[in-house]
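> Input structure: model-v3.cif, which contains mmCIF, N, CA and C atoms.
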```
data_final
#
loop_
_atom_site.label_atom_id
_atom_site.label_comp_id
_atom_site.auth_asym_id
_atom_site.auth_seq_id
_atom_site.Cartn_x
_atom_site.Cartn_y
_atom_site.Cartn_z
N ALA A 28 69.19 39.37 -40.80
CA ALA A 28 68.95 39.96 -42.11
C ALA A 28 68.21 41.28 -41.90
N LEU A 29 68.66 42.28 -42.63
CA LEU A 29 68.06 43.61 -42.56
C LEU A 29 67.59 44.01 -43.94
N THR A 30 66.58 44.88 -43.99
CA THR A 30 66.24 45.47 -45.28
C THR A 30 67.41 46.36 -45.68
N THR A 31 67.65 46.40 -46.96
CA THR A 31 68.80 47.13 -47.49
C THR A 31 68.63 48.63 -47.31
N ARG A 32 69.72 49.28 -46.94
CA ARG A 32 69.77 50.74 -46.82
C ARG A 32 71.11 51.19 -47.38
N PRO A 33 71.09 52.04 -48.39
CA PRO A 33 72.36 52.54 -48.92
C PRO A 33 73.19 53.18 -47.82
N GLY A 34 74.48 52.95 -47.87
CA GLY A 34 75.38 53.56 -46.90
C GLY A 34 75.74 52.67 -45.73
N ASP A 35 75.12 51.49 -45.61
CA ASP A 35 75.52 50.60 -44.53
C ASP A 35 76.97 50.15 -44.74
N PRO A 36 77.73 50.06 -43.67
CA PRO A 36 79.15 49.71 -43.81
C PRO A 36 79.35 48.23 -44.13
N PHE A 37 80.52 47.92 -44.64
CA PHE A 37 80.91 46.54 -44.87
C PHE A 37 81.22 45.87 -43.54
N VAL A 38 81.93 46.58 -42.66
CA VAL A 38 82.32 46.01 -41.37
C VAL A 38 82.34 47.09 -40.29
N VAL A 39 82.03 46.66 -39.07
CA VAL A 39 82.16 47.51 -37.89
C VAL A 39 82.96 46.71 -36.88
N SER A 40 84.07 47.28 -36.43
CA SER A 40 84.93 46.59 -35.48
C SER A 40 84.99 47.40 -34.19
N ASP A 41 84.86 46.72 -33.08
CA ASP A 41 84.94 47.37 -31.77
C ASP A 41 86.41 47.44 -31.37
N LEU A 42 86.94 48.63 -31.26
CA LEU A 42 88.34 48.79 -30.90
C LEU A 42 88.56 48.86 -29.39
N ASP A 43 87.47 48.91 -28.62
CA ASP A 43 87.59 48.96 -27.16
C ASP A 43 87.41 47.59 -26.52
N ALA A 44 86.60 46.75 -27.11
CA ALA A 44 86.35 45.40 -26.61
C ALA A 44 86.23 44.50 -27.85
N PRO A 45 86.50 43.21 -27.71
CA PRO A 45 86.43 42.37 -28.91
C PRO A 45 85.02 42.34 -29.49
N GLY A 46 84.93 42.57 -30.78
CA GLY A 46 83.64 42.53 -31.46
C GLY A 46 83.79 42.85 -32.93
N TRP A 47 82.99 42.20 -33.75
CA TRP A 47 83.10 42.35 -35.20
C TRP A 47 81.72 42.13 -35.80
N ILE A 48 81.25 43.07 -36.58
CA ILE A 48 79.99 42.95 -37.32
C ILE A 48 80.34 43.10 -38.80
N GLU A 49 79.86 42.16 -39.62
CA GLU A 49 80.19 42.20 -41.05
C GLU A 49 78.94 42.03 -41.89
N ARG A 50 78.88 42.79 -42.98
CA ARG A 50 77.75 42.70 -43.93
C ARG A 50 78.19 41.78 -45.07
N PHE A 51 77.78 40.53 -44.99
CA PHE A 51 78.22 39.51 -45.94
C PHE A 51 77.68 39.73 -47.34
N THR A 52 76.57 40.41 -47.48
CA THR A 52 76.02 40.68 -48.80
C THR A 52 76.82 41.75 -49.55
N ALA A 53 77.76 42.40 -48.90
CA ALA A 53 78.60 43.37 -49.59
C ALA A 53 79.43 42.67 -50.67
N GLN A 54 79.96 41.47 -50.37
CA GLN A 54 80.76 40.75 -51.34
C GLN A 54 79.94 39.77 -52.16
N ASP A 55 78.83 39.27 -51.60
CA ASP A 55 78.02 38.28 -52.31
C ASP A 55 76.54 38.55 -52.03
N PRO A 56 75.89 39.35 -52.88
CA PRO A 56 74.48 39.71 -52.65
C PRO A 56 73.54 38.51 -52.73
N THR A 57 73.99 37.37 -53.24
CA THR A 57 73.11 36.21 -53.39
C THR A 57 72.86 35.47 -52.08
N VAL A 58 73.54 35.82 -51.00
CA VAL A 58 73.33 35.11 -49.73
C VAL A 58 72.09 35.59 -49.00
N ALA A 59 71.40 36.59 -49.54
CA ALA A 59 70.14 37.07 -48.96
C ALA A 59 69.18 37.39 -50.10
N PRO A 60 67.88 37.36 -49.83
CA PRO A 60 66.90 37.71 -50.87
C PRO A 60 67.08 39.17 -51.32
N PRO A 61 66.64 39.49 -52.53
CA PRO A 61 66.72 40.87 -53.01
C PRO A 61 66.06 41.83 -52.02
N GLY A 62 66.71 42.97 -51.81
CA GLY A 62 66.19 43.97 -50.89
C GLY A 62 66.58 43.73 -49.44
N GLN A 63 67.35 42.67 -49.20
CA GLN A 63 67.80 42.36 -47.84
C GLN A 63 69.31 42.19 -47.83
N GLN A 64 69.89 42.36 -46.67
CA GLN A 64 71.32 42.13 -46.51
C GLN A 64 71.57 41.29 -45.27
N LEU A 65 72.57 40.44 -45.37
CA LEU A 65 72.92 39.54 -44.28
C LEU A 65 74.05 40.13 -43.46
N ILE A 66 73.79 40.30 -42.18
CA ILE A 66 74.76 40.85 -41.24
C ILE A 66 75.12 39.74 -40.26
N GLN A 67 76.40 39.59 -39.96
CA GLN A 67 76.81 38.59 -38.98
C GLN A 67 77.81 39.21 -38.03
N GLY A 68 77.67 38.88 -36.76
CA GLY A 68 78.59 39.41 -35.76
C GLY A 68 79.27 38.31 -34.99
N GLN A 69 80.49 38.58 -34.59
CA GLN A 69 81.23 37.69 -33.71
C GLN A 69 81.64 38.52 -32.50
N ILE A 70 81.12 38.12 -31.35
CA ILE A 70 81.36 38.86 -30.12
C ILE A 70 81.88 37.87 -29.08
N PRO A 71 83.18 37.86 -28.80
CA PRO A 71 83.68 36.93 -27.79
C PRO A 71 83.06 37.21 -26.42
N ILE A 72 82.81 36.14 -25.69
CA ILE A 72 82.22 36.24 -24.35
C ILE A 72 83.19 35.61 -23.36
N ALA A 73 83.62 36.37 -22.37
CA ALA A 73 84.54 35.85 -21.35
C ALA A 73 83.83 34.81 -20.49
N PRO A 74 84.58 33.95 -19.83
CA PRO A 74 83.97 32.90 -18.99
C PRO A 74 82.97 33.42 -17.95
N HIS A 75 83.19 34.63 -17.45
CA HIS A 75 82.28 35.18 -16.42
C HIS A 75 81.09 35.92 -17.03
N GLU A 76 81.02 36.03 -18.37
CA GLU A 76 79.95 36.77 -19.02
C GLU A 76 78.84 35.83 -19.50
N SER A 77 77.68 36.41 -19.74
CA SER A 77 76.52 35.64 -20.22
C SER A 77 76.27 35.93 -21.70
N LYS A 78 75.39 35.13 -22.27
CA LYS A 78 74.97 35.39 -23.64
C LYS A 78 74.36 36.79 -23.76
N ALA A 79 73.60 37.20 -22.74
CA ALA A 79 72.99 38.53 -22.74
C ALA A 79 74.06 39.63 -22.79
N ASP A 80 75.20 39.42 -22.12
CA ASP A 80 76.29 40.40 -22.18
C ASP A 80 76.82 40.52 -23.61
N GLY A 81 77.00 39.39 -24.28
CA GLY A 81 77.46 39.40 -25.67
C GLY A 81 76.46 40.07 -26.60
N LEU A 82 75.19 39.76 -26.41
CA LEU A 82 74.15 40.38 -27.23
C LEU A 82 74.10 41.89 -27.03
N ALA A 83 74.28 42.34 -25.81
CA ALA A 83 74.28 43.78 -25.54
C ALA A 83 75.43 44.46 -26.28
N ARG A 84 76.61 43.83 -26.28
CA ARG A 84 77.75 44.41 -27.02
C ARG A 84 77.49 44.39 -28.52
N ALA A 85 76.90 43.31 -29.01
CA ALA A 85 76.58 43.23 -30.45
C ALA A 85 75.59 44.32 -30.84
N GLU A 86 74.56 44.51 -30.03
CA GLU A 86 73.56 45.54 -30.33
C GLU A 86 74.18 46.93 -30.28
N HIS A 87 75.12 47.15 -29.39
CA HIS A 87 75.82 48.44 -29.32
C HIS A 87 76.58 48.69 -30.63
N LEU A 88 77.25 47.66 -31.16
CA LEU A 88 77.95 47.81 -32.44
C LEU A 88 76.98 48.03 -33.58
N LEU A 89 75.88 47.29 -33.56
CA LEU A 89 74.86 47.50 -34.60
C LEU A 89 74.30 48.92 -34.55
N ASP A 90 74.07 49.44 -33.36
CA ASP A 90 73.60 50.82 -33.22
C ASP A 90 74.61 51.80 -33.83
N ALA A 91 75.89 51.53 -33.64
CA ALA A 91 76.93 52.43 -34.14
C ALA A 91 77.04 52.38 -35.66
N GLY A 92 76.85 51.22 -36.25
CA GLY A 92 77.10 51.09 -37.68
C GLY A 92 75.89 50.97 -38.58
N PHE A 93 74.76 50.55 -38.04
CA PHE A 93 73.57 50.29 -38.85
C PHE A 93 72.36 51.02 -38.28
N PRO A 94 72.28 52.33 -38.51
CA PRO A 94 71.17 53.11 -37.96
C PRO A 94 69.81 52.49 -38.30
N GLY A 95 68.94 52.45 -37.30
CA GLY A 95 67.59 51.92 -37.51
C GLY A 95 67.53 50.43 -37.74
N TRP A 96 68.56 49.70 -37.35
CA TRP A 96 68.61 48.26 -37.64
C TRP A 96 67.46 47.50 -36.99
N ARG A 97 67.01 47.92 -35.83
CA ARG A 97 65.92 47.21 -35.16
C ARG A 97 64.64 47.21 -36.01
N ASP A 98 64.32 48.37 -36.60
CA ASP A 98 63.12 48.48 -37.44
C ASP A 98 63.30 47.81 -38.79
N ARG A 99 64.55 47.60 -39.19
CA ARG A 99 64.84 46.98 -40.49
C ARG A 99 65.06 45.47 -40.39
N THR A 100 65.03 44.92 -39.18
CA THR A 100 65.31 43.49 -38.99
C THR A 100 64.21 42.64 -39.60
N VAL A 101 64.63 41.73 -40.48
CA VAL A 101 63.72 40.80 -41.15
C VAL A 101 63.83 39.42 -40.50
N TRP A 102 65.04 39.07 -40.08
CA TRP A 102 65.30 37.76 -39.49
C TRP A 102 66.47 37.91 -38.54
N ARG A 103 66.42 37.21 -37.42
CA ARG A 103 67.48 37.32 -36.43
C ARG A 103 67.67 35.99 -35.71
N ARG A 104 68.93 35.66 -35.48
CA ARG A 104 69.26 34.45 -34.72
C ARG A 104 70.50 34.77 -33.90
N ALA A 105 70.55 34.26 -32.68
CA ALA A 105 71.72 34.43 -31.82
C ALA A 105 72.07 33.08 -31.23
N SER A 106 73.35 32.79 -31.18
CA SER A 106 73.80 31.53 -30.58
C SER A 106 75.16 31.74 -29.94
N VAL A 107 75.54 30.80 -29.11
CA VAL A 107 76.83 30.84 -28.44
C VAL A 107 77.59 29.57 -28.79
N ALA A 108 78.82 29.72 -29.22
CA ALA A 108 79.71 28.59 -29.46
C ALA A 108 80.67 28.54 -28.28
N ALA A 109 80.46 27.58 -27.38
CA ALA A 109 81.26 27.49 -26.15
C ALA A 109 82.60 26.80 -26.41
N ASN A 110 83.62 27.29 -25.73
CA ASN A 110 84.95 26.69 -25.77
C ASN A 110 85.52 26.62 -27.18
N ARG A 111 85.32 27.68 -27.97
CA ARG A 111 85.79 27.73 -29.35
C ARG A 111 86.65 28.97 -29.55
N THR A 112 87.61 28.83 -30.44
CA THR A 112 88.39 29.97 -30.89
C THR A 112 88.70 29.77 -32.35
N GLY A 113 89.25 30.77 -32.96
CA GLY A 113 89.79 30.61 -34.31
C GLY A 113 91.22 30.16 -34.16
N ALA A 114 92.06 30.55 -35.07
CA ALA A 114 93.47 30.17 -35.02
C ALA A 114 94.14 30.95 -33.89
N VAL A 115 94.46 30.26 -32.83
CA VAL A 115 95.13 30.89 -31.69
C VAL A 115 96.45 30.16 -31.48
N ASP A 116 97.51 30.92 -31.42
CA ASP A 116 98.83 30.32 -31.22
C ASP A 116 99.13 30.28 -29.73
N LEU A 117 99.43 29.09 -29.24
CA LEU A 117 99.74 28.92 -27.82
C LEU A 117 101.01 29.68 -27.46
N PRO A 118 101.20 30.01 -26.18
CA PRO A 118 102.42 30.72 -25.77
C PRO A 118 103.66 29.98 -26.27
N GLY A 119 104.60 30.74 -26.82
CA GLY A 119 105.83 30.14 -27.32
C GLY A 119 105.75 29.61 -28.73
N THR A 120 104.58 29.75 -29.38
CA THR A 120 104.43 29.30 -30.76
C THR A 120 103.99 30.46 -31.64
N THR A 121 104.12 30.27 -32.95
CA THR A 121 103.64 31.26 -33.90
C THR A 121 102.84 30.55 -34.96
N TRP A 122 102.30 31.30 -35.90
CA TRP A 122 101.54 30.71 -36.99
C TRP A 122 102.41 29.76 -37.81
N ARG A 123 103.72 29.96 -37.78
CA ARG A 123 104.62 29.08 -38.53
C ARG A 123 104.66 27.66 -37.96
N ASP A 124 104.19 27.48 -36.72
CA ASP A 124 104.18 26.16 -36.09
C ASP A 124 102.92 25.36 -36.43
N ARG A 125 101.98 25.95 -37.12
CA ARG A 125 100.76 25.24 -37.52
C ARG A 125 101.09 24.28 -38.68
N PRO A 126 100.18 23.35 -39.02
CA PRO A 126 100.45 22.43 -40.14
C PRO A 126 100.73 23.19 -41.44
N ALA A 127 101.68 22.69 -42.21
CA ALA A 127 102.09 23.34 -43.45
C ALA A 127 100.98 23.31 -44.49
N ILE A 128 100.96 24.33 -45.33
CA ILE A 128 100.01 24.39 -46.45
C ILE A 128 100.38 23.34 -47.49
N ASP A 129 101.66 23.27 -47.84
CA ASP A 129 102.14 22.31 -48.83
C ASP A 129 102.38 20.97 -48.13
N ARG A 130 101.50 20.01 -48.39
CA ARG A 130 101.58 18.70 -47.75
C ARG A 130 102.37 17.70 -48.59
N GLY A 131 102.84 18.15 -49.76
CA GLY A 131 103.62 17.28 -50.64
C GLY A 131 102.74 16.55 -51.64
N ASN A 132 103.34 16.10 -52.74
CA ASN A 132 102.65 15.33 -53.78
C ASN A 132 101.42 16.04 -54.34
N GLY A 133 101.48 17.36 -54.47
CA GLY A 133 100.37 18.10 -55.05
C GLY A 133 99.18 18.29 -54.13
N VAL A 134 99.36 18.05 -52.83
CA VAL A 134 98.28 18.24 -51.85
C VAL A 134 98.55 19.51 -51.06
N TYR A 135 97.55 20.41 -51.02
CA TYR A 135 97.69 21.68 -50.33
C TYR A 135 96.55 21.84 -49.34
N LEU A 136 96.87 22.39 -48.18
CA LEU A 136 95.91 22.54 -47.09
C LEU A 136 95.55 24.01 -46.93
N ALA A 137 94.26 24.31 -46.84
CA ALA A 137 93.80 25.66 -46.57
C ALA A 137 92.77 25.59 -45.46
N GLY A 138 92.77 26.55 -44.57
CA GLY A 138 91.81 26.56 -43.47
C GLY A 138 92.22 27.57 -42.42
N ASP A 139 91.50 27.57 -41.30
CA ASP A 139 91.76 28.60 -40.28
C ASP A 139 92.79 28.18 -39.24
N GLN A 140 93.40 27.00 -39.40
CA GLN A 140 94.40 26.58 -38.42
C GLN A 140 95.66 26.04 -39.09
N VAL A 141 96.03 26.59 -40.24
CA VAL A 141 97.23 26.16 -40.94
C VAL A 141 98.27 27.27 -40.93
N ALA A 142 99.45 26.97 -41.44
CA ALA A 142 100.59 27.89 -41.37
C ALA A 142 100.43 29.06 -42.32
N ALA A 143 99.59 29.99 -41.93
CA ALA A 143 99.43 31.24 -42.66
C ALA A 143 99.17 32.33 -41.63
N PRO A 144 99.65 33.54 -41.90
CA PRO A 144 99.45 34.62 -40.93
C PRO A 144 98.01 35.10 -40.89
N GLY A 145 97.63 35.67 -39.75
CA GLY A 145 96.31 36.27 -39.63
C GLY A 145 95.54 35.75 -38.45
N VAL A 146 94.34 36.27 -38.30
CA VAL A 146 93.45 35.89 -37.22
C VAL A 146 92.13 35.44 -37.83
N LEU A 147 91.58 34.35 -37.34
CA LEU A 147 90.29 33.83 -37.76
C LEU A 147 90.23 33.67 -39.28
N SER A 148 89.30 34.32 -39.95
CA SER A 148 89.12 34.09 -41.38
C SER A 148 90.31 34.55 -42.21
N GLU A 149 91.11 35.47 -41.70
CA GLU A 149 92.31 35.89 -42.44
C GLU A 149 93.21 34.70 -42.72
N VAL A 150 93.32 33.78 -41.77
CA VAL A 150 94.16 32.60 -41.95
C VAL A 150 93.61 31.75 -43.09
N SER A 151 92.30 31.58 -43.14
CA SER A 151 91.69 30.81 -44.22
C SER A 151 91.97 31.46 -45.57
N PHE A 152 91.76 32.77 -45.67
CA PHE A 152 92.01 33.47 -46.93
C PHE A 152 93.48 33.38 -47.32
N ASN A 153 94.38 33.68 -46.37
CA ASN A 153 95.80 33.68 -46.68
C ASN A 153 96.29 32.29 -47.06
N SER A 154 95.82 31.25 -46.36
CA SER A 154 96.26 29.89 -46.70
C SER A 154 95.69 29.47 -48.05
N ALA A 155 94.47 29.88 -48.37
CA ALA A 155 93.88 29.54 -49.67
C ALA A 155 94.66 30.22 -50.80
N MET A 156 95.02 31.48 -50.61
CA MET A 156 95.80 32.20 -51.63
C MET A 156 97.14 31.51 -51.85
N GLU A 157 97.79 31.13 -50.77
CA GLU A 157 99.09 30.46 -50.88
C GLU A 157 98.93 29.09 -51.52
N ALA A 158 97.91 28.34 -51.14
CA ALA A 158 97.68 27.00 -51.72
C ALA A 158 97.43 27.11 -53.23
N VAL A 159 96.63 28.07 -53.64
CA VAL A 159 96.35 28.25 -55.07
C VAL A 159 97.62 28.66 -55.81
N THR A 160 98.38 29.57 -55.21
CA THR A 160 99.64 30.00 -55.83
C THR A 160 100.57 28.81 -56.01
N LEU A 161 100.71 27.99 -54.97
CA LEU A 161 101.57 26.81 -55.06
C LEU A 161 101.06 25.83 -56.11
N ALA A 162 99.76 25.61 -56.12
CA ALA A 162 99.19 24.65 -57.08
C ALA A 162 99.40 25.15 -58.51
N LEU A 163 99.16 26.43 -58.77
CA LEU A 163 99.32 26.97 -60.11
C LEU A 163 100.79 27.00 -60.52
N THR A 164 101.67 27.34 -59.59
CA THR A 164 103.10 27.35 -59.89
C THR A 164 103.56 25.94 -60.21
N SER A 165 103.12 24.98 -59.44
CA SER A 165 103.48 23.58 -59.67
C SER A 165 102.97 23.09 -61.01
N SER A 166 101.71 23.44 -61.36
CA SER A 166 101.16 22.97 -62.63
C SER A 166 101.88 23.64 -63.81
N ARG A 167 102.33 24.89 -63.64
CA ARG A 167 103.09 25.57 -64.70
C ARG A 167 104.42 24.89 -64.92
N LEU A 168 105.04 24.47 -63.82
CA LEU A 168 106.32 23.77 -63.93
C LEU A 168 106.15 22.45 -64.68
N GLU A 169 105.06 21.75 -64.38
CA GLU A 169 104.79 20.47 -65.06
C GLU A 169 104.57 20.67 -66.55
N VAL A 170 103.84 21.73 -66.92
CA VAL A 170 103.58 22.02 -68.33
C VAL A 170 104.88 22.36 -69.04
N ALA A 171 105.76 23.12 -68.37
CA ALA A 171 107.02 23.53 -68.96
C ALA A 171 107.94 22.33 -69.20
N ARG A 172 107.87 21.34 -68.32
CA ARG A 172 108.71 20.14 -68.48
C ARG A 172 108.23 19.34 -69.65
#
```
What does the file become when written as structure tokens?

Amino acid sequence: ALTTRPGDPFVVSDLDAPGWIERFTAQDPTVAPPGQQLIQGQIPIAPHESKADGLARAEHLLDAGFPGWRDRTVWRRASVAANRTGAVDLPGTTWRDRPAIDRGNGVYLAGDQVAAPGVLSEVSFNSAMEAVTLALTSSRLEVAR
């Protein structure tokens, strides 16, 4: 969490190495106290790298996108999720091979590992949009009948 500063970006993405920093209070200011903003980063760490390597890359991105972030830091936490990925399609498969959103009988699945295009949270958003569209279309058909 950082003290708020006008002009901070919504997202900073590392185009040279995997890395993503996002300001979650841009879409929902209620996730942090007034005058503060919540920043979260996802920095993949290769098997030969350490947590310190990931933190160094995260801090480099923060330096690029959030000037003075060290002096503005109100709260900080760092952790490593080992052996985890988002929606990753194995060789020879595509997102279409994941479990279907429409499970039948008015049941719809949304999440980060279902049959929707995208990477990580994009899959969750795209599957949720499709599930809602299917549910609303289905309910409209029922009303029309």
> Using all atoms listed in the file, determine which residues lie at most 8 Å from range 148-156 of chain A, disregarding the query and same-chain residues fewer than 5 positions distant; provide the list as a list in words.
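Counting all atoms listed in the file, the residues come to Gly113, Ala114, Ile128, Tyr135, Leu136, Ala137, Gly138, Asp139, Gln140, Val141, Ala142, Ala143, Leu161 and Ala162 of chain A.
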> For Trp47 in chain A, list every protein, DNA or RNA residue within 7 Å, evaluated using only N, CA and C atoms, and leave out those in the same chain fewer than 3 positions away; present the list as number ranges by chain.
A: 38-41, 67-71
> Could you tell me which residues the PyMOL selection byres ((chain A and resi 64) around 5) grabs in this file, written as a ChimeraX atom specification?
/A:28-31,62-63,65-66
> Name every residue that the PyMOL selection byres ((chain A and resi 91-104) around 6) selects in this structure, writing the answer as a list in words with chains first and numbers rising.
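This file, filtered by the PyMOL selection byres ((chain A and resi 91-104) around 6), leaves Ala28, Leu29, Thr30, Asp35, Pro36, Glu86, His87, Leu88, Leu89, Asp90, Ala105 and Ser106 of chain A.
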> For Gly133 in chain A, which residue among A:Leu117, A:Val58, A:Ser165, A:Pro33 is the nearest when counting only N, CA and C atoms?
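Of A:Leu117, A:Val58, A:Ser165, A:Pro33, the one nearest Gly133 in chain A, counting only N, CA and C atoms, is A:Ser165.
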> Ranking A:Ser77, A:Thr52, A:Thr160, A:Thr57 by minimum distance to Ala109 in chain A and counting only C-alpha atoms, which one comes first?
A:Ser77
> Taking the backbone alone, and naming residues the way the document does, which bits of chain A are alpha helix (DSSP H) by DSSP, as a ChimeraX atom specification?
/A:78-92,96-99,148-171
> Rank nothing, just name the residue among A:Asn132, A:Gln54, A:Asn110, A:Thr121 nearest to Pro144 in chain A, using all atoms listed in the file.
A:Thr121
> Looking at only C-alpha atoms, which of A:Ala73, A:Ala79, A:Val107, A:Arg84 is the one that sits closest to Asp43 in chain A?
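Between A:Ala73, A:Ala79, A:Val107, A:Arg84, the residue approaching Asp43 in chain A most closely is A:Arg84.
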> Atom C of Phe37 in chain A to CA of Ile72 in chain A: how many Å, to one decimal?
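Between atom C of Phe37 in chain A and CA of Ile72 in chain A the gap works out to 21.5 Å.
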> To one decimal in Å, tell me the separation between CA of Glu157 in chain A and CA of Ile48 in chain A.
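Answer for the CA of Glu157 in chain A to CA of Ile48 in chain A separation: 26.5 Å.
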> Put the listed atoms of range 47-54 of chain A in a box along x, y and z with 6 Å added on every side and give me the centre and edge lengths in Å to one decimal, as JSON.

```
{"center_x": 79.6, "center_y": 41.4, "center_z": -43.0, "size_x": 19.1, "size_y": 15.9, "size_z": 30.4}
```
> What residues in chain A get the DSSP label strand (DSSP E)? Please answer as a ChimeraX atom specification.
/A:29-30,38-40,47-50,63-64,66-69,129-131,134-135
> Mind filling out range 79-86 of chain A with all heavy atoms and sending it as an mmCIF file, keeping the file's coordinate frame?

```cif
data_model
loop_
_atom_site.group_PDB
_atom_site.id
_atom_site.type_symbol
_atom_site.label_atom_id
_atom_site.label_comp_id
_atom_site.auth_asym_id
_atom_site.auth_seq_id
_atom_site.Cartn_x
_atom_site.Cartn_y
_atom_site.Cartn_z
ATOM 1 N N ALA A 79 73.600 37.200 -22.740
ATOM 2 C CA ALA A 79 72.990 38.530 -22.740
ATOM 3 C C ALA A 79 74.060 39.630 -22.790
ATOM 4 O O ALA A 79 73.868 40.655 -23.458
ATOM 5 C CB ALA A 79 72.111 38.708 -21.501
ATOM 6 N N ASP A 80 75.200 39.420 -22.120
ATOM 7 C CA ASP A 80 76.290 40.400 -22.180
ATOM 8 C C ASP A 80 76.820 40.520 -23.610
ATOM 9 O O ASP A 80 77.049 41.627 -24.108
ATOM 10 C CB ASP A 80 77.450 39.981 -21.266
ATOM 11 C CG ASP A 80 77.086 40.010 -19.795
ATOM 12 O OD1 ASP A 80 76.269 40.870 -19.381
ATOM 13 O OD2 ASP A 80 77.616 39.161 -19.050
ATOM 14 N N GLY A 81 77.000 39.390 -24.280
ATOM 15 C CA GLY A 81 77.460 39.400 -25.670
ATOM 16 C C GLY A 81 76.460 40.070 -26.600
ATOM 17 O O GLY A 81 76.841 40.850 -27.471
ATOM 18 N N LEU A 82 75.190 39.760 -26.410
ATOM 19 C CA LEU A 82 74.150 40.380 -27.230
ATOM 20 C C LEU A 82 74.100 41.890 -27.030
ATOM 21 O O LEU A 82 73.927 42.642 -27.990
ATOM 22 C CB LEU A 82 72.786 39.764 -26.927
ATOM 23 C CG LEU A 82 72.554 38.356 -27.471
ATOM 24 C CD1 LEU A 82 71.244 37.790 -26.943
ATOM 25 C CD2 LEU A 82 72.568 38.361 -28.987
ATOM 26 N N ALA A 83 74.280 42.340 -25.810
ATOM 27 C CA ALA A 83 74.280 43.780 -25.540
ATOM 28 C C ALA A 83 75.430 44.460 -26.280
ATOM 29 O O ALA A 83 75.250 45.536 -26.862
ATOM 30 C CB ALA A 83 74.376 44.042 -24.034
ATOM 31 N N ARG A 84 76.610 43.830 -26.280
ATOM 32 C CA ARG A 84 77.750 44.410 -27.020
ATOM 33 C C ARG A 84 77.490 44.390 -28.520
ATOM 34 O O ARG A 84 77.826 45.332 -29.231
ATOM 35 C CB ARG A 84 79.043 43.670 -26.665
ATOM 36 C CG ARG A 84 79.592 44.056 -25.301
ATOM 37 C CD ARG A 84 81.082 43.854 -25.139
ATOM 38 N NE ARG A 84 81.600 42.603 -25.617
ATOM 39 C CZ ARG A 84 81.616 41.457 -24.928
ATOM 40 N NH1 ARG A 84 81.109 41.425 -23.714
ATOM 41 N NH2 ARG A 84 82.137 40.373 -25.449
ATOM 42 N N ALA A 85 76.900 43.310 -29.010
ATOM 43 C CA ALA A 85 76.580 43.230 -30.450
ATOM 44 C C ALA A 85 75.590 44.320 -30.840
ATOM 45 O O ALA A 85 75.755 44.986 -31.861
ATOM 46 C CB ALA A 85 76.009 41.844 -30.783
ATOM 47 N N GLU A 86 74.560 44.510 -30.030
ATOM 48 C CA GLU A 86 73.560 45.540 -30.330
ATOM 49 C C GLU A 86 74.180 46.930 -30.280
ATOM 50 O O GLU A 86 73.803 47.808 -31.068
ATOM 51 C CB GLU A 86 72.374 45.404 -29.388
ATOM 52 C CG GLU A 86 71.556 44.157 -29.692
ATOM 53 C CD GLU A 86 70.383 43.940 -28.743
ATOM 54 O OE1 GLU A 86 70.289 44.672 -27.725
ATOM 55 O OE2 GLU A 86 69.584 43.032 -29.025
#
```
